[in-house]
Amino acid sequence: ILIRHQGRGTFVATHRLEDHFFRFFRVVRQDGHRDYPTVRLVKFRRAKADKAEAAALGLSVGDAVFRFSNALSLEKTPVMIDDITVPADRFPTLTEAQLRERPNTLYNFYQDEFGINIIRTEERLRATLADKEDSELIGVSEGCALLLALRGAYSYHDERIEYRVSKLNTSHHEFTLSQP
């Protein structure tokens with residue numbers, strides 16, 4: 001996507017934290033306050049796509065993928081888990097160290113390191129119950145109700161880039177459909 005600035009020229013659009021973060025991060029405190037989360041990488045591995053991942057990413061079952069999980073905290077309280085899958089062929093040099101040390105948002109990272117621009121997402125929401133791992137990562141009781149968000153992230157020409165399964169503790173936060 002190109003952006004023209006009169007008298008300055010034409011530039012390639014990029015994700016900037018200030019402009020795009022809350023377009024894709026839709027968790028707010030119940031009073032509507034928005035804040036940037038602290039993100040902690042908790043898992044990373046190369047794997048083979050399962051049926052759900054393959055369908056979401058337009059792959060075949062068994063194709064190579066990277067799976068990683070982040071625990072997100074707001075105001076120093078863990079509130080959300082993101083389980084993310086990306087096709088290995090689009091991120092051939094992806095490493096755990098890169099994810100841990102990335103200086104900005106994940107979509108900025110995709111753009112800066114791999115030349116991949118996320119331009120839209122599709123999300124489906126439903127309820128789920130916390131399992132043991134959820135309990136450990138975000139401090140809820142097993143069986144506690146959580147909001148489950150299934151996200152597909154797309155680049156140009158509807159190219160499937162990311163499949164994300166997020167679980168949100170809604171005791172003090174909620175998922176908003178509005179953008180700032």
# chains A, B, ... in the order shown; residues from 1 in each chain; ligands from 1
>>> closest_atom_pairs(of="segment 150-172 of chain A", to="segment 62-68 of chain A", cutoff="12 Å", atoms="only C-alpha atoms", output="JSON lines")
{"residue": "A:Ile161", "atom": "CA", "partner": "A:Val65", "partner_atom": "CA", "distance": 10.8}
{"residue": "A:Glu162", "atom": "CA", "partner": "A:Phe66", "partner_atom": "CA", "distance": 10.0}
{"residue": "A:Tyr163", "atom": "CA", "partner": "A:Arg67", "partner_atom": "CA", "distance": 9.6}
{"residue": "A:Arg164", "atom": "CA", "partner": "A:Arg67", "partner_atom": "CA", "distance": 9.6}
{"residue": "A:Val165", "atom": "CA", "partner": "A:Phe68", "partner_atom": "CA", "distance": 10.7}
{"residue": "A:Ser166", "atom": "CA", "partner": "A:Phe68", "partner_atom": "CA", "distance": 11.9}
>>> write_last_selection(atoms="N, CA, C and O atoms", output="short mmCIF file (atom, residue, chain, number, x, y, z; two decimals), in the first residue's frame")
data_model
loop_
_atom_site.label_atom_id
_atom_site.label_comp_id
_atom_site.auth_asym_id
_atom_site.auth_seq_id
_atom_site.Cartn_x
_atom_site.Cartn_y
_atom_site.Cartn_z
N ILE A 161 -1.61 -15.77 6.66
CA ILE A 161 -0.29 -15.63 7.28
C ILE A 161 -0.26 -16.20 8.69
O ILE A 161 0.74 -16.80 9.09
N GLU A 162 -1.32 -16.04 9.44
CA GLU A 162 -1.28 -16.41 10.85
C GLU A 162 -2.62 -16.97 11.29
O GLU A 162 -3.67 -16.47 10.89
N TYR A 163 -2.56 -18.01 12.13
CA TYR A 163 -3.74 -18.54 12.82
C TYR A 163 -3.47 -18.39 14.30
O TYR A 163 -2.43 -18.83 14.79
N ARG A 164 -4.38 -17.73 14.99
CA ARG A 164 -4.18 -17.41 16.40
C ARG A 164 -5.39 -17.85 17.21
O ARG A 164 -6.53 -17.56 16.85
N VAL A 165 -5.12 -18.53 18.31
CA VAL A 165 -6.16 -18.91 19.26
C VAL A 165 -5.84 -18.19 20.56
O VAL A 165 -4.79 -18.44 21.17
N SER A 166 -6.70 -17.27 20.95
CA SER A 166 -6.48 -16.46 22.15
C SER A 166 -7.52 -16.80 23.19
O SER A 166 -8.69 -17.03 22.87
#
>>> select_by_dssp(residues="chain A", states="helix (DSSP H, G or I)", output="PDB file with N, CA, C and O atoms, in the first residue's frame")
ATOM      1  N   LEU A  17       3.512   1.406  15.717  1.00  0.00           N
ATOM      2  CA  LEU A  17       2.851   1.121  16.985  1.00  0.00           C
ATOM      3  C   LEU A  17       1.735   2.113  17.264  1.00  0.00           C
ATOM      4  O   LEU A  17       0.614   1.728  17.593  1.00  0.00           O
ATOM      5  N   GLU A  18       2.022   3.390  17.095  1.00  0.00           N
ATOM      6  CA  GLU A  18       1.049   4.420  17.439  1.00  0.00           C
ATOM      7  C   GLU A  18      -0.215   4.331  16.576  1.00  0.00           C
ATOM      8  O   GLU A  18      -1.303   4.624  17.036  1.00  0.00           O
ATOM      9  N   ASP A  19      -0.066   3.975  15.325  1.00  0.00           N
ATOM     10  CA  ASP A  19      -1.193   3.996  14.393  1.00  0.00           C
ATOM     11  C   ASP A  19      -1.999   2.703  14.355  1.00  0.00           C
ATOM     12  O   ASP A  19      -3.198   2.735  14.129  1.00  0.00           O
ATOM     13  N   HIS A  20      -1.344   1.571  14.507  1.00  0.00           N
ATOM     14  CA  HIS A  20      -2.008   0.314  14.210  1.00  0.00           C
ATOM     15  C   HIS A  20      -2.210  -0.628  15.384  1.00  0.00           C
ATOM     16  O   HIS A  20      -2.926  -1.598  15.258  1.00  0.00           O
ATOM     17  N   PHE A  21      -1.559  -0.376  16.519  1.00  0.00           N
ATOM     18  CA  PHE A  21      -1.589  -1.370  17.580  1.00  0.00           C
ATOM     19  C   PHE A  21      -3.012  -1.731  17.993  1.00  0.00           C
ATOM     20  O   PHE A  21      -3.395  -2.896  18.003  1.00  0.00           O
ATOM     21  N   PHE A  22      -3.817  -0.744  18.340  1.00  0.00           N
ATOM     22  CA  PHE A  22      -5.156  -1.040  18.843  1.00  0.00           C
ATOM     23  C   PHE A  22      -6.131  -1.441  17.737  1.00  0.00           C
ATOM     24  O   PHE A  22      -7.239  -1.856  18.011  1.00  0.00           O
ATOM     25  N   ARG A  23      -5.692  -1.338  16.491  1.00  0.00           N
ATOM     26  CA  ARG A  23      -6.500  -1.878  15.394  1.00  0.00           C
ATOM     27  C   ARG A  23      -6.551  -3.404  15.491  1.00  0.00           C
ATOM     28  O   ARG A  23      -7.542  -4.026  15.149  1.00  0.00           O
ATOM     29  N   PHE A  24      -5.468  -4.010  15.985  1.00  0.00           N
ATOM     30  CA  PHE A  24      -5.391  -5.451  16.071  1.00  0.00           C
ATOM     31  C   PHE A  24      -5.457  -5.977  17.502  1.00  0.00           C
ATOM     32  O   PHE A  24      -5.771  -7.137  17.712  1.00  0.00           O
ATOM     33  N   LYS A  51      -5.112 -30.414  11.691  1.00  0.00           N
ATOM     34  CA  LYS A  51      -6.253 -30.185  10.800  1.00  0.00           C
ATOM     35  C   LYS A  51      -6.755 -28.737  10.872  1.00  0.00           C
ATOM     36  O   LYS A  51      -6.996 -28.104   9.847  1.00  0.00           O
ATOM     37  N   ALA A  52      -6.908 -28.200  12.091  1.00  0.00           N
ATOM     38  CA  ALA A  52      -7.416 -26.829  12.252  1.00  0.00           C
ATOM     39  C   ALA A  52      -6.431 -25.811  11.692  1.00  0.00           C
ATOM     40  O   ALA A  52      -6.830 -24.859  11.003  1.00  0.00           O
ATOM     41  N   GLU A  53      -5.155 -25.993  11.983  1.00  0.00           N
ATOM     42  CA  GLU A  53      -4.131 -25.072  11.479  1.00  0.00           C
ATOM     43  C   GLU A  53      -4.055 -25.119   9.957  1.00  0.00           C
ATOM     44  O   GLU A  53      -3.979 -24.072   9.298  1.00  0.00           O
ATOM     45  N   ALA A  54      -4.085 -26.319   9.408  1.00  0.00           N
ATOM     46  CA  ALA A  54      -4.018 -26.472   7.949  1.00  0.00           C
ATOM     47  C   ALA A  54      -5.200 -25.771   7.280  1.00  0.00           C
ATOM     48  O   ALA A  54      -5.018 -25.036   6.306  1.00  0.00           O
ATOM     49  N   ALA A  55      -6.390 -25.970   7.815  1.00  0.00           N
ATOM     50  CA  ALA A  55      -7.578 -25.337   7.235  1.00  0.00           C
ATOM     51  C   ALA A  55      -7.484 -23.813   7.332  1.00  0.00           C
ATOM     52  O   ALA A  55      -7.789 -23.101   6.374  1.00  0.00           O
ATOM     53  N   ALA A  56      -7.050 -23.313   8.466  1.00  0.00           N
ATOM     54  CA  ALA A  56      -6.984 -21.868   8.680  1.00  0.00           C
ATOM     55  C   ALA A  56      -5.909 -21.201   7.825  1.00  0.00           C
ATOM     56  O   ALA A  56      -6.067 -20.057   7.405  1.00  0.00           O
ATOM     57  N   LEU A  57      -4.815 -21.910   7.576  1.00  0.00           N
ATOM     58  CA  LEU A  57      -3.687 -21.323   6.841  1.00  0.00           C
ATOM     59  C   LEU A  57      -3.613 -21.738   5.374  1.00  0.00           C
ATOM     60  O   LEU A  57      -2.706 -21.333   4.654  1.00  0.00           O
ATOM     61  N   GLU A  96      13.366 -18.665  18.076  1.00  0.00           N
ATOM     62  CA  GLU A  96      12.855 -18.284  19.392  1.00  0.00           C
ATOM     63  C   GLU A  96      13.514 -16.993  19.867  1.00  0.00           C
ATOM     64  O   GLU A  96      12.854 -16.109  20.412  1.00  0.00           O
ATOM     65  N   ALA A  97      14.800 -16.863  19.652  1.00  0.00           N
ATOM     66  CA  ALA A  97      15.525 -15.659  20.081  1.00  0.00           C
ATOM     67  C   ALA A  97      14.958 -14.410  19.398  1.00  0.00           C
ATOM     68  O   ALA A  97      14.795 -13.366  20.044  1.00  0.00           O
ATOM     69  N   GLN A  98      14.643 -14.503  18.106  1.00  0.00           N
ATOM     70  CA  GLN A  98      14.063 -13.353  17.403  1.00  0.00           C
ATOM     71  C   GLN A  98      12.745 -12.929  18.054  1.00  0.00           C
ATOM     72  O   GLN A  98      12.502 -11.738  18.231  1.00  0.00           O
ATOM     73  N   LEU A  99      11.901 -13.901  18.365  1.00  0.00           N
ATOM     74  CA  LEU A  99      10.612 -13.577  18.976  1.00  0.00           C
ATOM     75  C   LEU A  99      10.791 -12.959  20.362  1.00  0.00           C
ATOM     76  O   LEU A  99      10.097 -12.009  20.721  1.00  0.00           O
ATOM     77  N   ARG A 100      11.700 -13.507  21.139  1.00  0.00           N
ATOM     78  CA  ARG A 100      11.940 -12.979  22.493  1.00  0.00           C
ATOM     79  C   ARG A 100      12.493 -11.562  22.474  1.00  0.00           C
ATOM     80  O   ARG A 100      12.177 -10.753  23.329  1.00  0.00           O
ATOM     81  N   GLU A 101      13.346 -11.283  21.487  1.00  0.00           N
ATOM     82  CA  GLU A 101      14.063 -10.011  21.468  1.00  0.00           C
ATOM     83  C   GLU A 101      13.443  -8.976  20.535  1.00  0.00           C
ATOM     84  O   GLU A 101      14.003  -7.885  20.390  1.00  0.00           O
ATOM     85  N   LEU A 106       4.217  -7.758  17.085  1.00  0.00           N
ATOM     86  CA  LEU A 106       4.405  -8.943  16.256  1.00  0.00           C
ATOM     87  C   LEU A 106       4.193  -8.621  14.778  1.00  0.00           C
ATOM     88  O   LEU A 106       4.964  -9.063  13.927  1.00  0.00           O
ATOM     89  N   TYR A 107       3.179  -7.825  14.464  1.00  0.00           N
ATOM     90  CA  TYR A 107       2.936  -7.514  13.059  1.00  0.00           C
ATOM     91  C   TYR A 107       4.024  -6.600  12.500  1.00  0.00           C
ATOM     92  O   TYR A 107       4.370  -6.693  11.321  1.00  0.00           O
ATOM     93  N   ASN A 108       4.612  -5.718  13.319  1.00  0.00           N
ATOM     94  CA  ASN A 108       5.797  -4.960  12.903  1.00  0.00           C
ATOM     95  C   ASN A 108       6.956  -5.903  12.634  1.00  0.00           C
ATOM     96  O   ASN A 108       7.695  -5.743  11.666  1.00  0.00           O
ATOM     97  N   PHE A 109       7.116  -6.884  13.505  1.00  0.00           N
ATOM     98  CA  PHE A 109       8.183  -7.877  13.364  1.00  0.00           C
ATOM     99  C   PHE A 109       8.036  -8.641  12.052  1.00  0.00           C
ATOM    100  O   PHE A 109       8.995  -8.808  11.307  1.00  0.00           O
ATOM    101  N   TYR A 110       6.814  -9.106  11.746  1.00  0.00           N
ATOM    102  CA  TYR A 110       6.582  -9.806  10.478  1.00  0.00           C
ATOM    103  C   TYR A 110       7.009  -8.922   9.302  1.00  0.00           C
ATOM    104  O   TYR A 110       7.612  -9.388   8.340  1.00  0.00           O
ATOM    105  N   GLN A 111       6.654  -7.656   9.386  1.00  0.00           N
ATOM    106  CA  GLN A 111       6.946  -6.721   8.308  1.00  0.00           C
ATOM    107  C   GLN A 111       8.446  -6.449   8.190  1.00  0.00           C
ATOM    108  O   GLN A 111       9.019  -6.541   7.104  1.00  0.00           O
ATOM    109  N   ASP A 112       9.073  -6.133   9.317  1.00  0.00           N
ATOM    110  CA  ASP A 112      10.493  -5.747   9.290  1.00  0.00           C
ATOM    111  C   ASP A 112      11.416  -6.910   8.962  1.00  0.00           C
ATOM    112  O   ASP A 112      12.397  -6.747   8.233  1.00  0.00           O
ATOM    113  N   GLU A 113      11.147  -8.086   9.502  1.00  0.00           N
ATOM    114  CA  GLU A 113      12.058  -9.222   9.333  1.00  0.00           C
ATOM    115  C   GLU A 113      11.745 -10.108   8.129  1.00  0.00           C
ATOM    116  O   GLU A 113      12.628 -10.763   7.599  1.00  0.00           O
ATOM    117  N   PHE A 114      10.468 -10.158   7.722  1.00  0.00           N
ATOM    118  CA  PHE A 114      10.077 -11.107   6.671  1.00  0.00           C
ATOM    119  C   PHE A 114       9.350 -10.456   5.499  1.00  0.00           C
ATOM    120  O   PHE A 114       8.926 -11.153   4.580  1.00  0.00           O
ATOM    121  N   LYS A 132      -5.589 -26.642  32.653  1.00  0.00           N
ATOM    122  CA  LYS A 132      -4.504 -26.521  33.621  1.00  0.00           C
ATOM    123  C   LYS A 132      -3.458 -25.498  33.175  1.00  0.00           C
ATOM    124  O   LYS A 132      -2.983 -24.683  33.976  1.00  0.00           O
ATOM    125  N   GLU A 133      -3.079 -25.535  31.898  1.00  0.00           N
ATOM    126  CA  GLU A 133      -2.078 -24.595  31.397  1.00  0.00           C
ATOM    127  C   GLU A 133      -2.570 -23.153  31.478  1.00  0.00           C
ATOM    128  O   GLU A 133      -1.829 -22.248  31.874  1.00  0.00           O
ATOM    129  N   ASP A 134      -3.845 -22.924  31.121  1.00  0.00           N
ATOM    130  CA  ASP A 134      -4.430 -21.583  31.241  1.00  0.00           C
ATOM    131  C   ASP A 134      -4.347 -21.105  32.684  1.00  0.00           C
ATOM    132  O   ASP A 134      -3.987 -19.954  32.959  1.00  0.00           O
ATOM    133  N   SER A 135      -4.684 -21.996  33.589  1.00  0.00           N
ATOM    134  CA  SER A 135      -4.654 -21.681  35.013  1.00  0.00           C
ATOM    135  C   SER A 135      -3.270 -21.215  35.437  1.00  0.00           C
ATOM    136  O   SER A 135      -3.118 -20.216  36.150  1.00  0.00           O
ATOM    137  N   GLU A 136      -2.251 -21.915  34.979  1.00  0.00           N
ATOM    138  CA  GLU A 136      -0.876 -21.573  35.348  1.00  0.00           C
ATOM    139  C   GLU A 136      -0.415 -20.264  34.705  1.00  0.00           C
ATOM    140  O   GLU A 136       0.290 -19.476  35.335  1.00  0.00           O
ATOM    141  N   LEU A 137      -0.813 -20.023  33.466  1.00  0.00           N
ATOM    142  CA  LEU A 137      -0.311 -18.856  32.743  1.00  0.00           C
ATOM    143  C   LEU A 137      -1.023 -17.555  33.088  1.00  0.00           C
ATOM    144  O   LEU A 137      -0.404 -16.487  33.100  1.00  0.00           O
ATOM    145  N   ILE A 138      -2.335 -17.620  33.332  1.00  0.00           N
ATOM    146  CA  ILE A 138      -3.043 -16.366  33.613  1.00  0.00           C
ATOM    147  C   ILE A 138      -3.721 -16.349  34.986  1.00  0.00           C
ATOM    148  O   ILE A 138      -4.476 -15.440  35.290  1.00  0.00           O
ATOM    149  N   TYR A 156      -1.634  -9.156   1.688  1.00  0.00           N
ATOM    150  CA  TYR A 156      -2.209  -8.777   0.400  1.00  0.00           C
ATOM    151  C   TYR A 156      -2.746  -9.994  -0.342  1.00  0.00           C
ATOM    152  O   TYR A 156      -2.254 -11.104  -0.168  1.00  0.00           O
ATOM    153  N   HIS A 157      -3.761  -9.781  -1.156  1.00  0.00           N
ATOM    154  CA  HIS A 157      -4.384 -10.823  -1.967  1.00  0.00           C
ATOM    155  C   HIS A 157      -4.949 -11.957  -1.100  1.00  0.00           C
ATOM    156  O   HIS A 157      -4.971 -13.115  -1.521  1.00  0.00           O
ATOM    157  N   ASP A 158      -5.353 -11.614   0.121  1.00  0.00           N
ATOM    158  CA  ASP A 158      -5.940 -12.584   1.059  1.00  0.00           C
ATOM    159  C   ASP A 158      -5.021 -13.763   1.348  1.00  0.00           C
ATOM    160  O   ASP A 158      -5.465 -14.870   1.608  1.00  0.00           O
TER     161      ASP A 158
END
>>> closest_residue(among="A:Cys144, A:Leu150, A:Met80, A:Val42", to="Lys167 of chain A", atoms="only C-alpha atoms")
A:Met80
>>> closest_residue(among="A:Asp35, A:Asp50, A:Asp131, A:Asp89", to="Ser73 of chain A", atoms="only C-alpha atoms")
A:Asp35
>>> closest_residue(among="A:Ile116, A:Ala49, A:Leu72, A:Leu177", to="Tyr154 of chain A", atoms="only C-alpha atoms")
A:Ile116
>>> select_by_dssp(residues="segment 27-73 of chain A", states="strand (DSSP E or B)", output="PyMOL selection string")
chain A and resi 27-29+38-48+64-73
>>> write_last_selection(atoms="N, CA and C atoms", output="mmCIF file, in the first residue's frame")
data_model
loop_
_atom_site.group_PDB
_atom_site.id
_atom_site.type_symbol
_atom_site.label_atom_id
_atom_site.label_comp_id
_atom_site.auth_asym_id
_atom_site.auth_seq_id
_atom_site.Cartn_x
_atom_site.Cartn_y
_atom_site.Cartn_z
ATOM 1 N N VAL A 27 -8.327 -5.730 23.329
ATOM 2 C CA VAL A 27 -8.647 -5.980 24.727
ATOM 3 C C VAL A 27 -8.576 -4.667 25.494
ATOM 4 N N VAL A 28 -9.641 -4.368 26.227
ATOM 5 C CA VAL A 28 -9.702 -3.158 27.045
ATOM 6 C C VAL A 28 -10.162 -3.523 28.452
ATOM 7 N N ARG A 29 -9.818 -2.661 29.393
ATOM 8 C CA ARG A 29 -10.353 -2.821 30.733
ATOM 9 C C ARG A 29 -11.863 -2.573 30.648
ATOM 10 N N THR A 38 2.224 -6.204 28.253
ATOM 11 C CA THR A 38 3.562 -6.775 28.360
ATOM 12 C C THR A 38 3.432 -8.197 27.834
ATOM 13 N N VAL A 39 4.322 -8.586 26.930
ATOM 14 C CA VAL A 39 4.222 -9.888 26.271
ATOM 15 C C VAL A 39 5.401 -10.761 26.698
ATOM 16 N N ARG A 40 5.085 -11.997 27.100
ATOM 17 C CA ARG A 40 6.120 -12.954 27.485
ATOM 18 C C ARG A 40 5.968 -14.197 26.621
ATOM 19 N N LEU A 41 7.023 -14.540 25.880
ATOM 20 C CA LEU A 41 7.015 -15.761 25.069
ATOM 21 C C LEU A 41 7.152 -16.952 26.007
ATOM 22 N N VAL A 42 6.200 -17.891 25.936
ATOM 23 C CA VAL A 42 6.241 -19.043 26.839
ATOM 24 C C VAL A 42 6.558 -20.356 26.126
ATOM 25 N N LYS A 43 6.358 -20.422 24.812
ATOM 26 C CA LYS A 43 6.669 -21.638 24.049
ATOM 27 C C LYS A 43 7.027 -21.264 22.625
ATOM 28 N N PHE A 44 7.886 -22.075 22.022
ATOM 29 C CA PHE A 44 8.226 -21.915 20.614
ATOM 30 C C PHE A 44 8.698 -23.265 20.095
ATOM 31 N N ARG A 45 8.173 -23.680 18.932
ATOM 32 C CA ARG A 45 8.676 -24.907 18.312
ATOM 33 C C ARG A 45 8.239 -24.987 16.856
ATOM 34 N N ARG A 46 8.999 -25.771 16.112
ATOM 35 C CA ARG A 46 8.633 -26.123 14.739
ATOM 36 C C ARG A 46 7.784 -27.382 14.850
ATOM 37 N N ALA A 47 6.735 -27.481 14.052
ATOM 38 C CA ALA A 47 5.814 -28.615 14.158
ATOM 39 C C ALA A 47 5.194 -28.897 12.793
ATOM 40 N N LYS A 48 4.269 -29.821 12.783
ATOM 41 C CA LYS A 48 3.497 -30.142 11.584
ATOM 42 C C LYS A 48 2.067 -29.675 11.799
ATOM 43 N N ALA A 64 4.923 -28.012 7.368
ATOM 44 C CA ALA A 64 5.733 -27.406 8.429
ATOM 45 C C ALA A 64 5.170 -26.055 8.861
ATOM 46 N N VAL A 65 5.082 -25.870 10.168
ATOM 47 C CA VAL A 65 4.629 -24.619 10.764
ATOM 48 C C VAL A 65 5.518 -24.302 11.972
ATOM 49 N N PHE A 66 5.433 -23.063 12.391
ATOM 50 C CA PHE A 66 5.988 -22.670 13.682
ATOM 51 C C PHE A 66 4.811 -22.397 14.599
ATOM 52 N N ARG A 67 4.913 -22.896 15.822
ATOM 53 C CA ARG A 67 3.914 -22.630 16.858
ATOM 54 C C ARG A 67 4.604 -21.923 18.006
ATOM 55 N N PHE A 68 3.972 -20.856 18.476
ATOM 56 C CA PHE A 68 4.494 -20.191 19.663
ATOM 57 C C PHE A 68 3.349 -19.632 20.484
ATOM 58 N N SER A 69 3.607 -19.480 21.765
ATOM 59 C CA SER A 69 2.591 -18.996 22.698
ATOM 60 C C SER A 69 3.133 -17.815 23.476
ATOM 61 N N ASN A 70 2.282 -16.815 23.634
ATOM 62 C CA ASN A 70 2.603 -15.630 24.416
ATOM 63 C C ASN A 70 1.597 -15.486 25.544
ATOM 64 N N ALA A 71 2.066 -15.060 26.706
ATOM 65 C CA ALA A 71 1.195 -14.662 27.809
ATOM 66 C C ALA A 71 1.234 -13.136 27.840
ATOM 67 N N LEU A 72 0.063 -12.519 27.810
ATOM 68 C CA LEU A 72 -0.024 -11.063 27.791
ATOM 69 C C LEU A 72 -0.547 -10.562 29.134
ATOM 70 N N SER A 73 0.112 -9.533 29.646
ATOM 71 C CA SER A 73 -0.294 -8.922 30.915
ATOM 72 C C SER A 73 -0.671 -7.474 30.681
#
>>> atom_distance(atom1="atom CA of Ala145 of chain A", atom2="atom CA of Thr170 of chain A")
8.2 Å
>>> closest_residue(among="A:Asn117, A:Thr85, A:Ser171, A:Thr77", to="Leu146 of chain A", atoms="only C-alpha atoms")
A:Ser171
>>> atom_distance(atom1="atom CA of Leu129 of chain A", atom2="atom CA of His172 of chain A")
16.7 Å
>>> closest_residue(among="A:Gly152, A:Gly58, A:Pro78, A:Pro37", to="Arg124 of chain A", atoms="only C-alpha atoms")
A:Gly152
>>> atom_distance(atom1="atom CA of Arg120 of chain A", atom2="atom CA of Leu94 of chain A")
22.0 Å
>>> closest_residue(among="A:Leu147, A:Ser141, A:Thr121, A:Arg34", to="Glu75 of chain A", atoms="only C-alpha atoms")
A:Arg34
